Amino acid sequence: MQNRSRLPLALRGAAVAVLLAGLGTWVATGAHRGWTQTSAVTMQKDEITGIDYPVRRDAFVAGVEIPLAAAGLAAVLAGLSFVSRRRPVAGLTPAAQS
């Protein structure tokens, strides 16, 4: 494999990895379709009175901006993989290289 063909492949591989990591994080933390939350509210029942009351606990729930940001970064990386130019071969005109 030539050196000049490694960069586009590496950029495309990084784009796929970023996209999968973003989607995986979002799904693993609950696939919340709102904004990212750093705490979660659970309802508990008082044993004596029987009344339900909210209890807030620390938790990370990735919101929809996580996979969207990952998709944006993946698109930039994939786009950059198409921008890399080929070096001209010595002795050939640009029309004869394609």
# chains A, B, ... in the order shown; residues from 1 in each chain; ligands from 1
>>> residues_around(residues="Gly79 in chain A", least_positions_apart="5", cutoff="9 Å", atoms="only C-alpha atoms", output="ChimeraX atom specification")
/A:11-12,74
>>> write_last_selection(atoms="C-alpha atoms", output="PDB file, in the first residue's frame")
ATOM      1  CA  LEU A  11      -9.461   9.527   8.104  1.00  0.00           C
ATOM      2  CA  ARG A  12     -12.410   7.404   6.963  1.00  0.00           C
ATOM      3  CA  ALA A  74     -17.401  12.143  11.368  1.00  0.00           C
TER       4      ALA A  74
END
>>> residues_around(residues="Ala28 in chain A", least_positions_apart="4", cutoff="9 Å", atoms="only C-alpha atoms", output="PyMOL selection string")
chain A and resi 23-24+61-62
>>> atom_distance(atom1="CA of Ser84 in chain A", atom2="CA of Val16 in chain A")
18.0 Å
>>> select_by_dssp(residues="range 26-95 of chain A", states="strand (DSSP E or B)", output="list in words")
Gln37, Thr38, Ser39, Ala40, Val41, Thr42, Met43, Gln44, Lys45, Asp52, Tyr53, Pro54, Val55, Arg56, Arg57, Asp58, Ala59, Phe60 and Val61 of chain A
>>> write_last_selection(atoms="N, CA and C atoms", output="PDB file, in the first residue's frame")
ATOM      1  N   GLN A  37     -28.292  15.043  30.435  1.00  0.00           N
ATOM      2  CA  GLN A  37     -28.625  15.274  31.837  1.00  0.00           C
ATOM      3  C   GLN A  37     -27.495  14.739  32.711  1.00  0.00           C
ATOM      4  N   THR A  38     -27.216  15.462  33.795  1.00  0.00           N
ATOM      5  CA  THR A  38     -26.171  15.025  34.722  1.00  0.00           C
ATOM      6  C   THR A  38     -26.748  14.509  36.021  1.00  0.00           C
ATOM      7  N   SER A  39     -28.059  14.455  36.113  1.00  0.00           N
ATOM      8  CA  SER A  39     -28.707  13.860  37.283  1.00  0.00           C
ATOM      9  C   SER A  39     -30.017  13.233  36.837  1.00  0.00           C
ATOM     10  N   ALA A  40     -30.505  12.305  37.629  1.00  0.00           N
ATOM     11  CA  ALA A  40     -31.762  11.625  37.328  1.00  0.00           C
ATOM     12  C   ALA A  40     -32.664  11.669  38.556  1.00  0.00           C
ATOM     13  N   VAL A  41     -33.952  11.767  38.300  1.00  0.00           N
ATOM     14  CA  VAL A  41     -34.931  11.808  39.384  1.00  0.00           C
ATOM     15  C   VAL A  41     -35.650  10.466  39.442  1.00  0.00           C
ATOM     16  N   THR A  42     -35.663   9.870  40.631  1.00  0.00           N
ATOM     17  CA  THR A  42     -36.417   8.633  40.852  1.00  0.00           C
ATOM     18  C   THR A  42     -37.440   8.878  41.952  1.00  0.00           C
ATOM     19  N   MET A  43     -38.526   8.188  41.870  1.00  0.00           N
ATOM     20  CA  MET A  43     -39.580   8.318  42.877  1.00  0.00           C
ATOM     21  C   MET A  43     -39.403   7.223  43.923  1.00  0.00           C
ATOM     22  N   GLN A  44     -39.475   7.607  45.187  1.00  0.00           N
ATOM     23  CA  GLN A  44     -39.429   6.647  46.288  1.00  0.00           C
ATOM     24  C   GLN A  44     -40.685   6.813  47.120  1.00  0.00           C
ATOM     25  N   LYS A  45     -41.054   5.757  47.811  1.00  0.00           N
ATOM     26  CA  LYS A  45     -42.268   5.776  48.621  1.00  0.00           C
ATOM     27  C   LYS A  45     -41.888   5.778  50.097  1.00  0.00           C
ATOM     28  N   ASP A  52     -45.410   9.125  47.739  1.00  0.00           N
ATOM     29  CA  ASP A  52     -44.272   9.101  46.821  1.00  0.00           C
ATOM     30  C   ASP A  52     -43.599  10.468  46.816  1.00  0.00           C
ATOM     31  N   TYR A  53     -42.247  10.473  46.773  1.00  0.00           N
ATOM     32  CA  TYR A  53     -41.502  11.730  46.726  1.00  0.00           C
ATOM     33  C   TYR A  53     -40.288  11.554  45.804  1.00  0.00           C
ATOM     34  N   PRO A  54     -39.892  12.631  45.123  1.00  0.00           N
ATOM     35  CA  PRO A  54     -38.761  12.539  44.188  1.00  0.00           C
ATOM     36  C   PRO A  54     -37.421  12.595  44.917  1.00  0.00           C
ATOM     37  N   VAL A  55     -36.481  11.812  44.412  1.00  0.00           N
ATOM     38  CA  VAL A  55     -35.112  11.813  44.922  1.00  0.00           C
ATOM     39  C   VAL A  55     -34.183  11.998  43.726  1.00  0.00           C
ATOM     40  N   ARG A  56     -33.345  13.020  43.782  1.00  0.00           N
ATOM     41  CA  ARG A  56     -32.408  13.302  42.696  1.00  0.00           C
ATOM     42  C   ARG A  56     -31.071  12.639  43.016  1.00  0.00           C
ATOM     43  N   ARG A  57     -30.506  11.958  42.020  1.00  0.00           N
ATOM     44  CA  ARG A  57     -29.208  11.306  42.182  1.00  0.00           C
ATOM     45  C   ARG A  57     -28.318  11.675  41.008  1.00  0.00           C
ATOM     46  N   ASP A  58     -27.009  11.648  41.224  1.00  0.00           N
ATOM     47  CA  ASP A  58     -26.062  11.947  40.153  1.00  0.00           C
ATOM     48  C   ASP A  58     -26.073  10.811  39.132  1.00  0.00           C
ATOM     49  N   ALA A  59     -26.194  11.160  37.869  1.00  0.00           N
ATOM     50  CA  ALA A  59     -26.179  10.182  36.782  1.00  0.00           C
ATOM     51  C   ALA A  59     -25.883  10.927  35.487  1.00  0.00           C
ATOM     52  N   PHE A  60     -25.246  10.261  34.547  1.00  0.00           N
ATOM     53  CA  PHE A  60     -24.994  10.857  33.231  1.00  0.00           C
ATOM     54  C   PHE A  60     -25.882  10.163  32.217  1.00  0.00           C
ATOM     55  N   VAL A  61     -26.728  10.932  31.559  1.00  0.00           N
ATOM     56  CA  VAL A  61     -27.590  10.421  30.505  1.00  0.00           C
ATOM     57  C   VAL A  61     -27.311  11.264  29.262  1.00  0.00           C
TER      58      VAL A  61
END
>>> residues_around(residues="Ala15 in chain A", least_positions_apart="5", cutoff="12 Å", atoms="only C-alpha atoms", output="list in words")
Pro8, Leu9, Ala10, Leu20, Ala21, Gly22, Ala69, Ala70, Ala71, Gly72, Leu73, Ala74, Ala75, Val76, Leu77, Ala78, Gly79, Leu80 and Ser81 of chain A
>>> write_last_selection(atoms="C-alpha atoms", output="compact mmCIF listing (two decimals), in the first residue's frame")
# COMPACT_ATOMS: atom_id res chain seq x y z
CA PRO A 8 -7.68 8.95 3.38
CA LEU A 9 -8.23 5.45 4.72
CA ALA A 10 -7.14 6.51 8.20
CA LEU A 20 -19.90 4.50 16.34
CA ALA A 21 -18.51 5.83 19.64
CA GLY A 22 -21.05 8.66 19.70
CA ALA A 69 -21.89 16.08 17.37
CA ALA A 70 -20.29 12.73 16.58
CA ALA A 71 -22.01 12.68 13.18
CA GLY A 72 -20.78 16.21 12.48
CA LEU A 73 -17.20 15.36 13.40
CA ALA A 74 -17.40 12.14 11.37
CA ALA A 75 -18.64 14.13 8.36
CA VAL A 76 -15.71 16.55 8.69
CA LEU A 77 -13.21 13.70 8.91
CA ALA A 78 -14.78 11.90 5.95
CA GLY A 79 -14.77 15.14 3.96
CA LEU A 80 -11.11 15.69 4.73
CA SER A 81 -10.34 12.23 3.38
>>> atom_distance(atom1="CA of Val64 in chain A", atom2="CA of Phe82 in chain A")
27.9 Å
>>> atom_distance(atom1="CA of Val27 in chain A", atom2="CA of Pro67 in chain A")
9.3 Å
